Amino acid sequence: MKNAVVIEGVQNFNISQILECGQVFRFEKICDSNYTLIAKDKAIKITQQPNSTSIIIKNTTSGELEEIWKPYLDLDTDYSRITQVLASKDEHMKKAVEFGTGIRILRQDPWEMLISFIISQNKAIPHIKQCIYNITSKYGDLIEENSYGQNYYTFPSPEQLIKVSDEQLRECKVGFRAPYILDATAQIIEGTIDLTAIFHMNIEEARKKLMQIKGVGPKIADCVLLFAYNKMEVFPTDVWIKRVIEGYYFEGKDMPLPEIQKFAKDYFGELAGYAQQYLFFHGREEGLFKKEKKDLKK
DNA sequence: TCGCAGGGACTCG
DNA sequence: CGAGTCCCTGCG
């Protein structure tokens with residue numbers, strides 16, 4: 001029987017921040033304290049009242065909570081230490097950590113992350129979500145119908161996607177990324193890339209392996225490594241985070257990407273991935289550095 | 001209205 | 001290397 005389970009006394013957990021900080025695309029906001037999340041071939045509802053340490057998960061079991069959701073939600077990681085260390089770095093980090101103190105980095109599926117972040121390139125988040133929904137609704141399996149909004153579907157497996165053509169992918173509005181998705185799928189099916197094996201690789205090996213897929217560069221590889229493989233020392237560097245780092249630590253000067261990466265590695269060390277999420281979420285929600293950029297163009 | 005940027009990466013020269 | 005290009009959408 002599917003039912004509701006409750007988790008009590010969880011610190012550093014804010015479901016809104018966790019889902020809205022840009023690491024995950026398959027969720028729906030019902031209201032501030034109530035979200036639908038599709039993951040692990042299931043659709044669950046997560047409820048958390050403001051400032052509450054109690055979390056209610058609907059449409060699951062206590063068995064699934066232990067086996068699936070605790071690892072997925074990263075509930076066994078001590079975020080009080082992480083937030084403390086990062087907040088003590090400087091005033092910028094302190095603000096960013098305080099702003100997103102309930103963020104946790106989810107442990108998502110490598111295959112789904114790979115395709116999702118290939119789609120993400122040069123797109124805004126709502127558009128990314130739409131493309132992913134299009135693909136799941138056409139080529140995934142129905143999990144549950146939903147009379148209020150979009151139905152819930154599984155993310156199609158490599159075996160399901162290998163049957164899909166370039167043209168069919170373009171109908172999902174992925175545009176020029178269609179051949180990238182085809183290449184990723186083909187390499188998984190052919191076995192030239194083994195997504196499970198990447199769990200056991202070091203960062204450099206893993207990044208190299210992922211980047212042998214067309215359309216996967218350093219940024220997308222790092223996103224997959226951080227959000228699926230839990231390589232916490234990577235620092236995915238997109239235009240936003242680049243702007244934030246330049247503004248905070250380089251007086252707004254334009255810095256080459258390797259310099260930013262080196263700075264993050266030296267300054268944040270093995271917590272770089274967490275730092276990236278706090279900085280990204282804070283920067284985006286506050287609309288930081290948008291004005292500065294416009295001013296520069298004059 | 002239209003030009004531009006959006007969690008980039010590839011392809012030329 | 002640096003610049004231009006890629007599909008599509010929303011925003012000023």
# chains A, B, ... in the order shown; residues from 1 in each chain; ligands from 1

call {"tool": "residues_around", "arguments": {"residues": "region 217-228 of chain A", "least_positions_apart": "5", "cutoff": "7 Å", "atoms": "only C-alpha atoms (C1' of nucleotides)", "output": "ChimeraX atom specification"}}
result
/A:23,105-110,113-114,117-118,207,210-211,234-238,273 /B:9

call {"tool": "write_last_selection", "arguments": {"atoms": "C-alpha atoms (C1' of nucleotides)", "output": "short mmCIF file (atom, residue, chain, number, x, y, z; two decimals), in the first residue's frame"}}
result
data_model
loop_
_atom_site.label_atom_id
_atom_site.label_comp_id
_atom_site.auth_asym_id
_atom_site.auth_seq_id
_atom_site.Cartn_x
_atom_site.Cartn_y
_atom_site.Cartn_z
CA GLN A 23 19.92 20.90 -10.07
CA ILE A 105 22.55 18.24 -3.46
CA LEU A 106 20.39 15.39 -4.68
CA ARG A 107 21.82 12.07 -5.86
CA GLN A 108 20.14 11.79 -9.22
CA ASP A 109 20.31 9.26 -12.02
CA PRO A 110 23.42 9.56 -14.27
CA MET A 113 21.32 13.94 -15.75
CA LEU A 114 23.43 13.38 -18.85
CA PHE A 117 22.19 18.76 -19.12
CA ILE A 118 22.89 18.16 -22.80
CA ARG A 207 35.31 14.10 -17.10
CA LEU A 210 31.79 12.05 -20.44
CA MET A 211 33.33 14.59 -22.82
CA VAL A 234 33.81 19.91 -9.14
CA PHE A 235 32.69 23.48 -9.82
CA PRO A 236 30.37 23.63 -12.86
CA THR A 237 31.12 27.02 -14.37
CA ASP A 238 28.37 28.57 -16.45
CA GLY A 273 30.34 21.77 -5.61
"C1'" DA B 9 29.80 23.28 -27.39
#

call {"tool": "interface_residues", "arguments": {"of": "chain C", "to": "chain A", "cutoff": "9 Å", "atoms": "only C-alpha atoms (C1' of nucleotides)", "output": "PyMOL selection string"}}
result
chain C and resi 6-9

call {"tool": "write_last_selection", "arguments": {"atoms": "N, CA and C atoms (P, O5', C5', C4', C3', O3' and C1' of nucleotides)", "output": "tab-separated table (two decimals), in the first residue's frame"}}
result
chain	number	residue	atom	x	y	z
C	6	DC	P	23.22	29.09	-38.30
C	6	DC	O5'	22.81	27.93	-37.27
C	6	DC	C5'	23.42	26.63	-37.36
C	6	DC	C4'	23.14	25.88	-36.07
C	6	DC	C3'	21.71	26.03	-35.57
C	6	DC	O3'	20.93	24.98	-36.08
C	6	DC	C1'	23.32	26.18	-33.78
C	7	DC	P	19.46	25.36	-36.66
C	7	DC	O5'	18.49	25.11	-35.42
C	7	DC	C5'	18.20	23.78	-35.01
C	7	DC	C4'	17.19	23.84	-33.89
C	7	DC	C3'	15.98	24.73	-34.18
C	7	DC	O3'	14.85	24.09	-33.65
C	7	DC	C1'	17.00	25.42	-32.20
C	8	DC	P	13.38	24.57	-33.95
C	8	DC	O5'	12.95	25.24	-32.57
C	8	DC	C5'	13.08	24.57	-31.34
C	8	DC	C4'	12.98	25.58	-30.23
C	8	DC	C3'	11.82	26.58	-30.33
C	8	DC	O3'	10.99	26.37	-29.22
C	8	DC	C1'	13.81	27.63	-29.64
C	9	DT	P	9.50	26.99	-29.21
C	9	DT	O5'	9.53	27.95	-27.93
C	9	DT	C5'	10.48	27.72	-26.93
C	9	DT	C4'	10.58	28.85	-25.93
C	9	DT	C3'	9.46	29.88	-25.89
C	9	DT	O3'	9.15	30.11	-24.54
C	9	DT	C1'	11.56	30.97	-26.20

call {"tool": "interface_residues", "arguments": {"of": "chain B", "to": "chain A", "cutoff": "6 Å", "atoms": "only C-alpha atoms (C1' of nucleotides)", "output": "CSV table (one decimal) with C-alpha atoms (C1' of nucleotides), in the first residue's frame"}}
result
chain,number,residue,atom,x,y,z
B,6,DG,C1',19.5,31.9,-21.9
B,7,DG,C1',23.2,27.0,-16.5
B,8,DG,C1',27.4,25.7,-24.1
B,9,DA,C1',29.8,23.3,-27.4

call {"tool": "atom_distance", "arguments": {"atom1": "CA of Ile82 (chain A)", "atom2": "CA of Thr101 (chain A)"}}
result
10.0 Å

call {"tool": "residues_around", "arguments": {"residues": "DC2 (chain B)", "least_positions_apart": "2", "cutoff": "12 Å", "atoms": "only C-alpha atoms (C1' of nucleotides)", "output": "PyMOL selection string"}}
result
(chain B and resi 4) or (chain C and resi 11-12)

call {"tool": "write_last_selection", "arguments": {"atoms": "N, CA and C atoms (P, O5', C5', C4', C3', O3' and C1' of nucleotides)", "output": "JSON list (two decimals), in the first residue's frame"}}
result
[["chain", "number", "residue", "atom", "x", "y", "z"],
["B", 4, "DC", "P", 21.48, 42.31, -31.25],
["B", 4, "DC", "O5'", 21.45, 41.82, -29.73],
["B", 4, "DC", "C5'", 20.54, 42.41, -28.79],
["B", 4, "DC", "C4'", 20.35, 41.46, -27.62],
["B", 4, "DC", "C3'", 21.43, 40.38, -27.52],
["B", 4, "DC", "O3'", 21.79, 40.21, -26.18],
["B", 4, "DC", "C1'", 19.30, 39.37, -27.59],
["C", 11, "DC", "P", 8.76, 36.38, -20.07],
["C", 11, "DC", "O5'", 9.91, 37.32, -19.50],
["C", 11, "DC", "C5'", 11.29, 37.09, -19.75],
["C", 11, "DC", "C4'", 11.94, 38.35, -20.31],
["C", 11, "DC", "C3'", 11.14, 39.64, -20.09],
["C", 11, "DC", "O3'", 12.02, 40.66, -19.62],
["C", 11, "DC", "C1'", 11.73, 39.42, -22.36],
["C", 12, "DG", "P", 11.44, 41.84, -18.77],
["C", 12, "DG", "O5'", 12.03, 43.13, -19.48],
["C", 12, "DG", "C5'", 13.44, 43.38, -19.49],
["C", 12, "DG", "C4'", 13.77, 44.29, -20.67],
["C", 12, "DG", "C3'", 12.83, 45.49, -20.76],
["C", 12, "DG", "O3'", 13.40, 46.62, -20.11],
["C", 12, "DG", "C1'", 13.09, 44.41, -22.90]]

call {"tool": "residues_around", "arguments": {"residues": "Ala184 (chain A)", "least_positions_apart": "4", "cutoff": "7 Å", "atoms": "only C-alpha atoms (C1' of nucleotides)", "output": "list of chain:residue names"}}
result
A:Tyr180, A:Ile188, A:Ile213

call {"tool": "select_by_dssp", "arguments": {"residues": "region 16-231 of chain A", "states": "strand (DSSP E)", "output": "list in words"}}
result
Phe27, Glu28, Lys29, Ile30, Cys31, Asn34, Tyr35, Thr36, Leu37, Ile38, Ala39, Lys42, Ala43, Ile44, Lys45, Ile46, Thr47, Ile55, Ile56, Ile57, Lys58, Asn59, Thr60, Leu142, Ile143, Glu144, Tyr152 and Tyr153 of chain A

call {"tool": "select_by_dssp", "arguments": {"residues": "region 138-288 of chain A", "states": "alpha helix (DSSP H)", "output": "ChimeraX atom specification"}}
result
/A:138-139,158-161,166-171,178-190,203-210,218-227,239-249,257-268,272-286

call {"tool": "atom_distance", "arguments": {"atom1": "CA of Gly191 (chain A)", "atom2": "CA of Lys129 (chain A)"}}
result
28.2 Å

call {"tool": "residues_around", "arguments": {"residues": "region 62-71 of chain A", "least_positions_apart": "3", "cutoff": "10 Å", "atoms": "only C-alpha atoms (C1' of nucleotides)", "output": "PyMOL selection string"}}
result
chain A and resi 2-7+39-40+57+74-77+106-108

call {"tool": "residues_around", "arguments": {"residues": "region 263-271 of chain A", "least_positions_apart": "3", "cutoff": "9 Å", "atoms": "only C-alpha atoms (C1' of nucleotides)", "output": "VMD selection string"}}
result
chain A and resid 82 85 to 86 89 231 to 235 245 258 to 260 274 to 276

call {"tool": "write_last_selection", "arguments": {"atoms": "C-alpha atoms", "output": "mmCIF file, in the first residue's frame"}}
result
data_model
loop_
_atom_site.group_PDB
_atom_site.id
_atom_site.type_symbol
_atom_site.label_atom_id
_atom_site.label_comp_id
_atom_site.auth_asym_id
_atom_site.auth_seq_id
_atom_site.Cartn_x
_atom_site.Cartn_y
_atom_site.Cartn_z
ATOM 1 C CA ILE A 82 29.425 22.225 5.229
ATOM 2 C CA VAL A 85 32.930 25.939 6.788
ATOM 3 C CA LEU A 86 31.712 27.798 3.689
ATOM 4 C CA LYS A 89 35.179 31.920 4.151
ATOM 5 C CA LYS A 231 31.855 14.354 -7.045
ATOM 6 C CA MET A 232 31.584 17.269 -4.664
ATOM 7 C CA GLU A 233 34.864 18.947 -5.598
ATOM 8 C CA VAL A 234 33.809 19.914 -9.143
ATOM 9 C CA PHE A 235 32.688 23.479 -9.825
ATOM 10 C CA ILE A 245 32.861 34.820 -9.078
ATOM 11 C CA PRO A 258 40.424 27.881 -16.330
ATOM 12 C CA GLU A 259 41.252 30.739 -13.935
ATOM 13 C CA ILE A 260 37.796 30.515 -12.395
ATOM 14 C CA TYR A 274 28.320 22.875 -2.596
ATOM 15 C CA ALA A 275 29.729 26.399 -2.878
ATOM 16 C CA GLN A 276 28.637 26.504 -6.497
#

call {"tool": "closest_residue", "arguments": {"among": "A:Ala96, A:Gln11, A:Ser137, A:Asn146", "to": "Glu28 (chain A)", "atoms": "only C-alpha atoms"}}
result
A:Asn146
